[in-house]
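Student: Just work-v2.txt, nothing more (compact mmCIF, C-alpha atoms and all ligand atoms):
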# COMPACT_ATOMS: atom_id res chain seq x y z
CA MET A 222 6.26 6.41 36.34
CA THR A 223 8.84 3.66 36.74
CA THR A 224 6.86 0.67 37.88
CA ALA A 225 3.88 -0.85 36.16
CA THR A 226 0.59 -0.20 37.88
CA GLN A 227 -1.24 -2.90 36.02
CA PHE A 228 0.01 -6.30 35.08
CA GLU A 229 -2.80 -7.08 32.72
CA LEU A 230 -1.62 -5.88 29.34
CA TYR A 231 -4.57 -7.63 27.71
CA ASP A 232 -7.41 -6.80 30.09
CA ILE A 233 -9.72 -9.81 30.12
CA LEU A 234 -12.49 -7.79 31.79
CA LYS A 235 -12.67 -5.51 28.75
CA THR A 236 -14.05 -6.35 25.33
CA TYR A 237 -11.85 -7.40 22.42
CA GLU A 238 -12.71 -4.09 20.70
CA ASP A 239 -11.62 -2.06 23.76
CA ASN A 240 -8.38 -4.01 23.97
CA TYR A 241 -7.84 -3.52 20.23
CA GLN A 242 -8.38 0.26 20.41
CA ASN A 243 -6.83 1.08 23.77
CA GLY A 244 -4.45 -1.71 24.77
CA PRO A 245 -1.97 -2.87 25.72
CA PHE A 246 -2.63 -1.52 29.20
CA PHE A 247 0.90 -0.79 30.28
CA ASP A 248 2.03 2.54 31.65
CA ALA A 249 5.49 1.94 33.03
CA LYS A 250 8.91 2.61 31.55
CA MET A 251 10.26 0.13 29.05
CA PRO A 252 12.95 -2.12 30.53
CA VAL A 253 16.52 -1.53 29.40
CA ARG A 254 17.60 -4.83 27.91
CA PRO A 255 21.13 -6.20 28.20
CA ALA A 256 23.32 -5.53 25.16
CA VAL A 257 22.72 -8.01 22.37
CA THR A 258 25.99 -9.89 21.99
CA GLN A 259 24.81 -12.54 19.56
CA THR A 260 22.12 -12.48 16.90
CA HIS A 261 20.37 -15.54 15.50
CA LYS A 262 19.27 -16.51 12.04
CA VAL A 263 15.62 -17.32 11.45
CA PHE A 264 14.95 -18.18 7.82
CA ASP A 265 16.98 -15.41 6.12
CA PHE A 266 16.48 -12.87 8.89
CA GLU A 267 18.81 -11.89 11.70
CA VAL A 268 17.01 -11.60 15.03
CA ASN A 269 18.17 -10.30 18.39
CA SER A 270 16.73 -13.32 20.17
CA ARG A 271 14.59 -16.37 19.52
CA LEU A 272 11.75 -15.15 21.73
CA GLY A 273 8.31 -14.17 20.49
CA VAL A 274 4.64 -13.85 21.33
CA PRO A 275 2.52 -16.32 19.31
CA ALA A 276 -0.59 -15.43 17.35
CA GLY A 277 -3.32 -14.13 19.63
CA PRO A 278 -2.64 -11.46 22.21
CA LEU A 279 -1.02 -8.98 19.77
CA LEU A 280 -4.11 -7.55 18.14
CA ASN A 281 -2.57 -5.03 15.76
CA SER A 282 0.67 -3.21 14.87
CA HIS A 283 0.59 -1.11 18.03
CA TRP A 284 0.46 -4.24 20.18
CA CYS A 285 3.31 -5.79 18.17
CA ASP A 286 5.30 -2.59 18.63
CA VAL A 287 4.84 -2.44 22.42
CA TYR A 288 5.78 -6.10 22.86
CA ALA A 289 8.79 -5.70 20.56
CA GLN A 290 9.89 -2.79 22.76
CA LEU A 291 9.43 -5.04 25.80
CA GLY A 292 11.99 -7.38 24.24
CA PHE A 293 9.88 -9.94 22.38
CA ASP A 294 11.85 -9.88 19.14
CA ILE A 295 9.44 -12.01 17.10
CA PRO A 296 5.88 -10.77 17.63
CA VAL A 297 3.16 -12.58 15.70
CA TYR A 298 0.32 -10.39 14.40
CA LYS A 299 -3.01 -11.93 15.46
CA THR A 300 -4.65 -14.18 12.89
CA VAL A 301 -6.48 -12.34 10.11
CA ARG A 302 -8.95 -13.46 7.43
CA SER A 303 -9.80 -12.52 3.84
CA VAL A 304 -13.16 -11.18 5.05
CA GLU A 305 -14.28 -9.12 8.02
CA ARG A 306 -15.50 -11.26 10.94
CA ASN A 307 -16.87 -10.20 14.35
CA CYS A 308 -15.41 -11.43 17.62
CA HIS A 309 -17.37 -13.77 19.89
CA PRO A 310 -19.07 -11.80 22.69
CA ALA A 311 -17.17 -11.02 25.91
CA PRO A 312 -15.92 -12.52 28.07
CA ASN A 313 -13.30 -13.96 25.74
CA CYS A 314 -10.94 -15.17 28.46
CA VAL A 315 -11.74 -16.81 31.81
CA PHE A 316 -9.38 -18.12 34.51
CA LEU A 317 -9.59 -21.88 35.01
CA ASP A 318 -9.43 -23.97 38.11
CA SER A 319 -6.34 -26.05 37.53
CA ASP A 320 -3.25 -26.46 39.66
CA LYS A 321 -2.02 -29.50 37.75
CA GLN A 322 -0.84 -30.24 34.23
CA PHE A 323 -3.39 -31.54 31.71
CA ASN A 324 -2.70 -34.87 30.05
CA ASN A 325 -4.15 -36.21 26.81
CA THR A 326 -7.11 -37.86 28.55
CA ASP A 327 -8.23 -34.41 29.75
CA ILE A 328 -8.74 -33.13 26.19
CA ASN A 329 -12.39 -32.20 25.51
CA THR A 330 -13.45 -33.02 29.09
CA VAL A 331 -15.20 -30.66 31.52
CA ILE A 332 -13.31 -28.12 33.62
CA GLN A 333 -14.56 -25.34 35.89
CA PRO A 334 -13.71 -21.65 35.82
CA GLY A 335 -11.59 -20.51 38.75
CA LEU A 336 -10.03 -17.47 40.37
CA ARG A 337 -6.79 -15.85 39.29
CA PRO A 338 -4.12 -17.90 41.12
CA SER A 339 -1.89 -16.14 43.63
CA GLN A 340 1.14 -16.81 41.44
CA ASP A 341 0.88 -15.54 37.86
CA GLU A 342 3.11 -18.39 36.72
CA ARG A 343 0.19 -20.70 37.54
CA ILE A 344 -2.37 -18.95 35.33
CA THR A 345 -4.42 -21.20 33.08
CA ILE A 346 -7.18 -19.62 31.04
CA THR A 347 -9.62 -20.48 28.34
CA ASN A 348 -9.80 -18.11 25.42
CA SER A 349 -12.49 -17.92 22.79
CA PHE A 350 -12.53 -15.17 20.16
CA GLY A 351 -13.64 -17.10 17.04
CA VAL A 352 -10.77 -15.66 14.96
CA PRO A 353 -12.20 -12.17 14.43
CA SER A 354 -10.77 -10.07 11.62
CA LEU A 355 -10.99 -6.51 10.45
CA ALA A 356 -11.42 -5.93 6.71
CA PRO A 357 -8.30 -6.75 4.66
CA SER A 358 -7.98 -3.08 3.64
CA VAL A 359 -7.46 -2.25 7.33
CA TRP A 360 -5.09 -5.07 8.34
CA MET A 361 -3.02 -4.89 5.17
CA LYS A 362 -2.18 -1.25 5.85
CA ASP A 363 -1.58 -2.06 9.50
CA ILE A 364 0.91 -4.81 8.62
CA GLU A 365 2.97 -2.28 6.65
CA GLU A 366 2.87 -0.10 9.75
CA GLY A 367 3.91 -3.02 11.98
CA ASN A 368 6.94 -3.79 9.82
CA ARG A 369 7.99 -0.14 10.01
CA LYS A 370 7.72 -0.22 13.81
CA MET A 371 10.07 -3.18 14.32
CA ALA A 372 13.55 -2.24 15.55
CA LYS A 373 16.73 -3.60 14.01
CA ASN A 374 16.79 -7.42 14.07
CA GLN A 375 13.17 -7.80 15.06
CA LEU A 376 10.80 -9.80 12.89
CA MET A 377 7.01 -9.56 12.80
CA ILE A 378 5.27 -12.74 11.62
CA VAL A 379 1.67 -12.55 10.32
CA SER A 380 -0.87 -15.25 11.12
CA VAL A 381 -3.74 -16.02 8.73
CA ASN A 382 -6.75 -18.33 8.66
CA GLY A 383 -8.91 -19.58 5.78
CA THR A 384 -12.65 -18.96 5.93
CA PRO A 385 -15.18 -21.62 4.86
CA GLY A 386 -18.57 -20.95 3.25
CA LEU A 387 -17.60 -17.93 1.16
CA ALA A 388 -19.49 -17.44 -2.12
CA GLU A 389 -16.32 -16.27 -3.90
CA ARG A 390 -13.90 -19.11 -3.05
CA ASP A 391 -13.79 -22.53 -1.46
CA LEU A 392 -11.84 -23.07 1.75
CA ILE A 393 -8.61 -24.27 0.13
CA GLU A 394 -8.58 -21.35 -2.28
CA ASP A 395 -9.26 -18.96 0.54
CA TYR A 396 -6.22 -20.16 2.49
CA GLY A 397 -4.14 -19.39 -0.59
CA TYR A 398 -5.89 -16.08 -1.14
CA VAL A 399 -5.49 -14.74 2.39
CA SER A 400 -1.84 -15.84 2.48
CA ALA A 401 -1.20 -13.98 -0.79
CA MET A 402 -2.86 -10.89 0.72
CA ALA A 403 -0.57 -11.12 3.75
CA LYS A 404 2.42 -11.38 1.43
CA GLU A 405 1.24 -8.40 -0.61
CA ALA A 406 0.95 -6.39 2.62
CA GLY A 407 4.63 -7.04 3.27
CA SER A 408 4.60 -10.03 5.64
CA LYS A 409 8.10 -11.41 5.91
CA VAL A 410 7.02 -14.75 7.35
CA ILE A 411 3.49 -16.16 7.20
CA GLU A 412 2.01 -18.53 9.76
CA VAL A 413 -1.20 -20.34 8.92
CA ASN A 414 -3.51 -21.42 11.67
CA TYR A 415 -4.74 -25.00 11.11
CA SER A 416 -5.78 -25.58 14.70
CA CYS A 417 -8.31 -23.25 16.27
CA PRO A 418 -10.53 -25.05 18.81
CA ASN A 419 -12.83 -22.01 18.98
CA LEU A 420 -14.53 -22.54 15.64
CA GLY A 421 -17.18 -24.97 16.87
CA GLY A 422 -15.28 -28.06 15.61
CA SER A 423 -15.44 -26.73 12.03
CA LYS A 424 -13.24 -27.82 9.13
CA GLU A 425 -10.82 -24.92 9.34
CA GLY A 426 -10.34 -25.48 13.07
CA ALA A 427 -9.38 -29.15 12.75
CA LEU A 428 -7.22 -29.24 9.63
CA PHE A 429 -4.08 -29.74 11.67
CA SER A 430 -4.72 -33.41 12.38
CA ASP A 431 -5.69 -34.32 8.81
CA PRO A 432 -2.51 -35.17 6.84
CA GLU A 433 -4.04 -35.20 3.33
CA ASN A 434 -6.23 -32.11 3.55
CA SER A 435 -3.70 -30.03 5.47
CA ALA A 436 -1.08 -30.87 2.83
CA LEU A 437 -3.49 -29.86 0.05
CA VAL A 438 -3.92 -26.51 1.77
CA SER A 439 -0.18 -26.08 2.37
CA LYS A 440 0.50 -26.82 -1.32
CA LYS A 441 -2.04 -24.20 -2.34
CA ILE A 442 -0.52 -21.65 0.01
CA ARG A 443 2.97 -22.39 -1.25
CA GLU A 444 1.81 -21.77 -4.82
CA SER A 445 0.28 -18.47 -3.70
CA ILE A 446 3.22 -17.04 -1.75
CA GLY A 447 6.26 -18.27 -3.66
CA ASP A 448 9.32 -18.43 -1.45
CA THR A 449 8.03 -16.44 1.54
CA PRO A 450 8.78 -18.53 4.64
CA LEU A 451 5.71 -20.46 5.78
CA LEU A 452 4.95 -21.87 9.23
CA ILE A 453 1.86 -23.91 9.99
CA LYS A 454 0.29 -23.89 13.43
CA LEU A 455 -0.66 -27.27 14.89
CA GLY A 456 -2.46 -28.49 17.97
CA TRP A 457 -1.66 -31.43 20.25
CA MET A 458 -1.89 -34.86 18.66
CA PRO A 459 -0.38 -38.28 19.35
CA ALA A 460 3.14 -38.93 18.00
CA GLU A 461 2.03 -41.33 15.22
CA GLN A 462 -0.49 -38.85 13.85
CA LEU A 463 1.96 -35.97 14.13
CA GLU A 464 4.42 -37.94 12.04
CA LYS A 465 1.86 -38.39 9.25
CA VAL A 466 0.96 -34.70 9.30
CA ILE A 467 4.57 -33.51 9.24
CA GLU A 468 5.54 -35.95 6.52
CA ALA A 469 2.64 -34.81 4.32
CA ASN A 470 3.29 -31.11 4.86
CA ARG A 471 7.05 -30.80 4.93
CA PRO A 472 7.46 -30.53 1.14
CA TYR A 473 5.48 -27.28 1.25
CA VAL A 474 6.30 -25.55 4.53
CA ASP A 475 9.40 -24.21 6.26
CA GLY A 476 8.43 -24.94 9.82
CA PHE A 477 5.86 -25.86 12.43
CA ALA A 478 4.49 -23.85 15.34
CA ALA A 479 2.96 -25.94 18.12
CA ILE A 480 0.88 -26.12 20.09
CA ASN A 481 -2.33 -24.19 19.84
CA THR A 482 -4.75 -24.31 22.76
CA ILE A 483 -6.17 -27.53 24.23
CA PRO A 484 -9.96 -27.83 23.86
CA ARG A 485 -11.96 -28.31 27.08
CA GLN A 486 -15.62 -27.80 28.03
CA VAL A 487 -15.69 -24.94 30.48
CA VAL A 488 -18.76 -25.35 32.71
CA THR A 489 -19.72 -23.50 35.90
CA PRO A 490 -20.53 -25.47 39.11
CA ASN A 491 -24.25 -25.07 38.34
CA GLY A 492 -23.85 -26.72 34.97
CA GLU A 493 -23.88 -23.72 32.65
CA ALA A 494 -21.39 -23.00 29.88
CA ALA A 495 -18.95 -20.39 31.20
CA LEU A 496 -18.82 -18.55 27.87
CA PRO A 497 -22.06 -17.14 26.49
CA GLY A 498 -23.44 -17.98 23.03
CA GLU A 499 -23.85 -20.88 20.68
CA GLY A 500 -20.93 -23.20 19.94
CA ARG A 501 -18.82 -22.00 22.85
CA LEU A 502 -19.21 -24.85 25.31
CA SER A 503 -15.84 -26.14 24.11
CA SER A 504 -13.03 -23.60 24.00
CA GLY A 505 -9.26 -23.47 23.87
CA THR A 506 -7.28 -23.59 27.10
CA CYS A 507 -3.75 -22.30 27.50
CA GLY A 508 -1.12 -21.22 29.98
CA PHE A 509 0.38 -23.20 32.87
CA ALA A 510 -1.64 -26.43 32.58
CA ILE A 511 -0.81 -27.16 28.92
CA GLY A 512 2.97 -27.06 29.42
CA ASP A 513 3.51 -30.82 29.50
CA LEU A 514 1.39 -31.46 26.40
CA ALA A 515 3.22 -28.68 24.53
CA GLU A 516 6.62 -29.98 25.58
CA GLU A 517 5.67 -33.46 24.37
CA VAL A 518 4.87 -32.14 20.88
CA THR A 519 8.09 -30.11 20.77
CA GLN A 520 10.07 -33.25 21.63
CA ASN A 521 8.20 -35.27 19.00
CA LEU A 522 8.94 -32.61 16.34
CA ILE A 523 12.61 -32.61 17.31
CA ASP A 524 12.71 -36.42 17.08
CA LEU A 525 11.13 -36.39 13.61
CA ARG A 526 13.53 -33.72 12.39
CA THR A 527 16.48 -35.78 13.64
CA LYS A 528 15.12 -39.01 12.17
CA TRP A 529 14.64 -37.47 8.72
CA LYS A 530 17.77 -35.30 8.88
CA ASP A 531 15.50 -32.40 7.98
CA ASP A 532 15.99 -28.75 8.88
CA PHE A 533 12.44 -27.44 9.33
CA VAL A 534 12.01 -24.72 11.92
CA ILE A 535 10.36 -25.67 15.21
CA CYS A 536 8.54 -22.89 17.00
CA SER A 537 7.64 -24.15 20.46
CA VAL A 538 4.48 -22.65 21.97
CA GLY A 539 2.42 -23.53 25.02
CA GLY A 540 2.61 -23.37 28.77
CA MET A 541 5.93 -21.57 29.15
CA MET A 542 5.30 -19.31 32.11
CA ASN A 543 8.75 -17.98 33.03
CA ALA A 544 12.27 -17.48 31.67
CA GLU A 545 13.39 -20.91 32.81
CA ASP A 546 10.57 -22.64 30.88
CA LEU A 547 11.47 -20.70 27.72
CA HIS A 548 15.17 -21.54 27.92
CA ARG A 549 14.43 -25.19 28.68
CA ARG A 550 12.54 -25.57 25.38
CA LEU A 551 15.43 -23.95 23.49
CA ASP A 552 17.81 -26.32 25.25
CA MET A 553 15.65 -29.24 24.09
CA GLY A 554 16.24 -28.14 20.50
CA ALA A 555 13.41 -25.78 19.57
CA ASP A 556 14.48 -22.92 17.28
CA LEU A 557 11.98 -20.35 18.53
CA VAL A 558 9.98 -20.03 21.75
CA MET A 559 6.82 -18.03 22.23
CA SER A 560 4.57 -17.32 25.18
CA ALA A 561 1.01 -16.00 24.95
CA THR A 562 -0.64 -16.39 28.36
CA ALA A 563 2.39 -15.47 30.50
CA ALA A 564 3.11 -12.47 28.29
CA MET A 565 -0.42 -11.15 28.82
CA TRP A 566 0.28 -10.71 32.53
CA ASP A 567 4.04 -10.22 32.76
CA PRO A 568 5.42 -7.23 30.84
CA TYR A 569 8.91 -8.13 32.04
CA LEU A 570 8.95 -11.73 30.86
CA ALA A 571 11.20 -10.91 27.88
CA GLN A 572 13.54 -8.91 30.10
CA LYS A 573 13.79 -11.86 32.51
CA TYR A 574 14.46 -14.13 29.54
CA HIS A 575 17.27 -11.87 28.28
CA GLU A 576 18.81 -11.63 31.76
CA TYR A 577 18.49 -15.38 32.46
CA LYS A 578 21.83 -17.08 33.10
C1 LIG A 601 -5.82 -14.31 24.02
C2 LIG A 601 -5.37 -15.38 23.07
C3 LIG A 601 -5.75 -15.34 21.74
C4 LIG A 601 -5.31 -16.31 20.84
N1 LIG A 601 -5.62 -16.21 19.51
C5 LIG A 601 -5.01 -17.03 18.60
C6 LIG A 601 -5.13 -16.78 17.20
O1 LIG A 601 -5.81 -15.84 16.76
N2 LIG A 601 -4.48 -17.61 16.35
C7 LIG A 601 -3.70 -18.66 16.79
O2 LIG A 601 -3.09 -19.37 15.97
N3 LIG A 601 -3.57 -18.91 18.13
C8 LIG A 601 -4.19 -18.10 19.02
N4 LIG A 601 -3.99 -18.30 20.38
C9 LIG A 601 -3.21 -19.48 20.84
C10 LIG A 601 -1.74 -19.11 21.14
O3 LIG A 601 -1.04 -18.71 19.99
C11 LIG A 601 -0.99 -20.29 21.76
O4 LIG A 601 -0.91 -21.33 20.83
C12 LIG A 601 -1.65 -20.84 23.03
O5 LIG A 601 -2.18 -19.79 23.80
C13 LIG A 601 -0.65 -21.62 23.89
O6 LIG A 601 0.38 -20.79 24.38
P1 LIG A 601 0.38 -20.26 25.92
O7 LIG A 601 0.21 -21.45 26.78
O8 LIG A 601 1.69 -19.55 26.06
O9 LIG A 601 -0.77 -19.32 26.03
C14 LIG A 601 -4.47 -17.36 21.30
C15 LIG A 601 -4.11 -17.41 22.66
C16 LIG A 601 -4.55 -16.44 23.54
C17 LIG A 601 -4.13 -16.52 24.97
Can I see the file as structure tokens?
Tutor:
Amino acid sequence: MTTATQFELYDILKTYEDNYQNGPFFDAKMPVRPAVTQTHKVFDFEVNSRLGVPAGPLLNSHWCDVYAQLGFDIPVYKTVRSVERNCHPAPNCVFLDSDKQFNNTDINTVIQPGLRPSQDERITITNSFGVPSLAPSVWMKDIEEGNRKMAKNQLMIVSVNGTPGLAERDLIEDYGYVSAMAKEAGSKVIEVNYSCPNLGGSKEGALFSDPENSALVSKKIRESIGDTPLLIKLGWMPAEQLEKVIEANRPYVDGFAAINTIPRQVVTPNGEAALPGEGRLSSGTCGFAIGDLAEEVTQNLIDLRTKWKDDFVICSVGGMMNAEDLHRRLDMGADLVMSATAAMWDPYLAQKYHEYK
């Protein structure tokens, strides 16, 4: 078979477990990428390109492998925890009715579900998984496997999240603990998620906008992982607040990945929450409509780096739906670019990025 029969590598009509076991749903030949004429340095690693898939759609080492073969040279292994945690019930992703960009006054407001737009580059979805995790014994082995599967000059990053309310450790300690586990499993770069909107507004979901507490956590993680490169994942926030957060965290981290999803209340026309279950009225939205907000944060990070003559890594994420969008963020000054939503529907996005002139 030479052409894909299904452009839905993560099938949103299936459960998370089905996608984990049987995805990605892609049965065409792998594209033949143009020869790599120039590699790039990311931390101390050479990479074939600065393109990745951010934490989320790549559920395990097999997913990272398939996307790496599709040309995404920096796959991020979906966020894991120090304890096993179930996924929120399906559906976990729903198309949204939005043909325009969100701005900051849209955050946390109501939006309706919609149909899949006729152009995939216009897809906006909400996603709500609740940061599920298999037991560490499973994901630690799988990370070793993922590293083995990467081709030359490809780099798998591992995303982790702290878990509150554990009898064994408090939240700060757990961030350190799970990061150390990821390091022990062989993670070459660790990304810590400070910004999940799908945790019912809990502490670990909102750390990103709290300069003091996020820095306390980053310090703890740094002590736990030594010199392993560390990225922290942030959500959208105003420039002044971003400055405080970056200033407080930069002594401990090597870079910033932004943005995570934008929280909205997804409500059907008859007033019901679109996603079933408690605490899911508000969920994280991503894809086309968050592009402007993401680009704003990338620009603000670049401005801070210039102002302070710093050299932290900027991983731009959010709303890049085609090769042109990805290259534009690199041209702005981002070091890495990653697409989640577009990569879920377009297996050839990386190929288009590599062929882009
Ligand atoms: C299906 C899905 C699952 C996600 N899960 C996570 C996650 O586990 N951890 C995380 O840090 N971000 C997660 N995200 C957020 C993405 O990493 C990214 O920040 C966001 O989707 C914006 O990028 P996009 O507009 O290209 O989708 C997820 C996104 C999607 C679409």
Student: What residues have any atom no more than 8 Å from ligand LIG 601 (chain A) when counting only C-alpha atoms and all ligand atoms, and can you list them as number ranges by chain?
Tutor: A: 231, 274-278, 299-301, 313-314, 345-353, 380-381, 413-417, 454, 456, 479-482, 505-512, 538-542, 559-565
Student: Any idea what's packed within 9 Å of Val263 (chain A), counting all atoms listed in the file, ignoring anything in its chain fewer than 5 positions away? Could you give it as a ChimeraX atom specification?
Tutor: /A:268,271,534,556-557
Student: Which residue out of A:Pro450, A:Gly292, A:Pro334, A:Pro568 has the minimum interatomic distance to Ser504 (chain A) when only C-alpha atoms are used?
Tutor: A:Pro334
Student: So what do you get for CA of Phe246 (chain A) versus CA of Ala356 (chain A), distance-wise?
Tutor: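 CA of Ala356 (chain A) lies 24.5 Å from CA of Phe246 (chain A).
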Student: Using only C-alpha atoms, which residue out of A:Ser445, A:Phe316, A:Ser503, A:Gln375 lies closest to Thr260 (chain A)?
Tutor: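 Counting only C-alpha atoms, the residue closest to Thr260 (chain A) is A:Gln375.
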Student: Smallest atom-to-atom distance to Arg306 (chain A): which of A:Val331, A:Met553, A:Leu355, A:Val379, using all atoms listed in the file?
Tutor: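 Closest residue, counting all atoms listed in the file: A:Leu355.
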Student: Could you check which of A:Met402, A:Gln333, A:Ser339, A:Gly397 is closest to Ala495 (chain A), using only C-alpha atoms?
Tutor: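 Checking each candidate against Ala495 (chain A), we get A:Gln333 as the closest.
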Student: Here is a test: counting all atoms listed in the file, which residue of A:Pro338, A:Pro245, A:Pro296, A:Pro357 is nearest to Ile411 (chain A)?
Tutor: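 Of A:Pro338, A:Pro245, A:Pro296, A:Pro357, the one nearest Ile411 (chain A), counting all atoms listed in the file, is A:Pro296.
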Student: Of the candidates A:Arg443, A:Asp327, A:Lys578, A:Tyr569, which one gets nearest to Leu230 (chain A) if we count all atoms listed in the file?
Tutor: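 That would be A:Tyr569, the residue with the smallest distance to Leu230 (chain A).
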Student: CA of Arg550 (chain A) and CA of Ile523 (chain A), how far apart in Å?
Tutor: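 A separation of 10.7 Å between them.
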Student: Could you tell me how far CA of Ser435 (chain A) lies from CA of Asn470 (chain A), in Å and to one decimal?
Tutor: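 Separating CA of Ser435 (chain A) from CA of Asn470 (chain A) is a distance of 7.1 Å.
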Student: As a PDB file, keeping the file's coordinate frame, please: region 377-394 of chain A completed to N, CA and C atoms.
Tutor:
ATOM      1  N   MET A 377       8.447  -9.344  12.546  1.00  0.00           N
ATOM      2  CA  MET A 377       7.010  -9.560  12.800  1.00  0.00           C
ATOM      3  C   MET A 377       6.508 -10.651  11.841  1.00  0.00           C
ATOM      4  N   ILE A 378       5.894 -11.656  12.411  1.00  0.00           N
ATOM      5  CA  ILE A 378       5.270 -12.740  11.620  1.00  0.00           C
ATOM      6  C   ILE A 378       3.764 -12.425  11.544  1.00  0.00           C
ATOM      7  N   VAL A 379       3.120 -12.794  10.440  1.00  0.00           N
ATOM      8  CA  VAL A 379       1.670 -12.550  10.320  1.00  0.00           C
ATOM      9  C   VAL A 379       0.937 -13.884  10.253  1.00  0.00           C
ATOM     10  N   SER A 380      -0.076 -14.020  11.094  1.00  0.00           N
ATOM     11  CA  SER A 380      -0.870 -15.250  11.120  1.00  0.00           C
ATOM     12  C   SER A 380      -2.173 -15.069  10.335  1.00  0.00           C
ATOM     13  N   VAL A 381      -2.508 -16.077   9.532  1.00  0.00           N
ATOM     14  CA  VAL A 381      -3.740 -16.020   8.730  1.00  0.00           C
ATOM     15  C   VAL A 381      -4.555 -17.301   8.916  1.00  0.00           C
ATOM     16  N   ASN A 382      -5.815 -17.200   8.578  1.00  0.00           N
ATOM     17  CA  ASN A 382      -6.750 -18.330   8.660  1.00  0.00           C
ATOM     18  C   ASN A 382      -7.651 -18.332   7.430  1.00  0.00           C
ATOM     19  N   GLY A 383      -7.924 -19.499   6.856  1.00  0.00           N
ATOM     20  CA  GLY A 383      -8.910 -19.580   5.780  1.00  0.00           C
ATOM     21  C   GLY A 383     -10.315 -19.492   6.348  1.00  0.00           C
ATOM     22  N   THR A 384     -11.257 -19.104   5.482  1.00  0.00           N
ATOM     23  CA  THR A 384     -12.650 -18.960   5.930  1.00  0.00           C
ATOM     24  C   THR A 384     -13.544 -19.829   5.052  1.00  0.00           C
ATOM     25  N   PRO A 385     -14.294 -20.778   5.663  1.00  0.00           N
ATOM     26  CA  PRO A 385     -15.180 -21.620   4.860  1.00  0.00           C
ATOM     27  C   PRO A 385     -16.485 -20.898   4.526  1.00  0.00           C
ATOM     28  N   GLY A 386     -17.209 -21.423   3.529  1.00  0.00           N
ATOM     29  CA  GLY A 386     -18.570 -20.950   3.250  1.00  0.00           C
ATOM     30  C   GLY A 386     -18.637 -19.623   2.516  1.00  0.00           C
ATOM     31  N   LEU A 387     -17.544 -19.189   1.902  1.00  0.00           N
ATOM     32  CA  LEU A 387     -17.600 -17.930   1.160  1.00  0.00           C
ATOM     33  C   LEU A 387     -18.157 -18.200  -0.244  1.00  0.00           C
ATOM     34  N   ALA A 388     -18.944 -17.262  -0.773  1.00  0.00           N
ATOM     35  CA  ALA A 388     -19.490 -17.440  -2.120  1.00  0.00           C
ATOM     36  C   ALA A 388     -18.365 -17.365  -3.158  1.00  0.00           C
ATOM     37  N   GLU A 389     -17.377 -16.530  -2.895  1.00  0.00           N
ATOM     38  CA  GLU A 389     -16.320 -16.270  -3.900  1.00  0.00           C
ATOM     39  C   GLU A 389     -15.347 -17.420  -4.082  1.00  0.00           C
ATOM     40  N   ARG A 390     -14.990 -18.127  -2.981  1.00  0.00           N
ATOM     41  CA  ARG A 390     -13.900 -19.110  -3.050  1.00  0.00           C
ATOM     42  C   ARG A 390     -14.188 -20.263  -2.104  1.00  0.00           C
ATOM     43  N   ASP A 391     -13.662 -21.438  -2.445  1.00  0.00           N
ATOM     44  CA  ASP A 391     -13.790 -22.530  -1.460  1.00  0.00           C
ATOM     45  C   ASP A 391     -12.686 -22.375  -0.414  1.00  0.00           C
ATOM     46  N   LEU A 392     -12.721 -23.248   0.592  1.00  0.00           N
ATOM     47  CA  LEU A 392     -11.840 -23.070   1.750  1.00  0.00           C
ATOM     48  C   LEU A 392     -10.356 -23.156   1.349  1.00  0.00           C
ATOM     49  N   ILE A 393     -10.022 -24.122   0.515  1.00  0.00           N
ATOM     50  CA  ILE A 393      -8.610 -24.270   0.130  1.00  0.00           C
ATOM     51  C   ILE A 393      -8.133 -23.022  -0.610  1.00  0.00           C
ATOM     52  N   GLU A 394      -8.962 -22.555  -1.544  1.00  0.00           N
ATOM     53  CA  GLU A 394      -8.580 -21.350  -2.280  1.00  0.00           C
ATOM     54  C   GLU A 394      -8.451 -20.160  -1.351  1.00  0.00           C
TER      55      GLU A 394
END
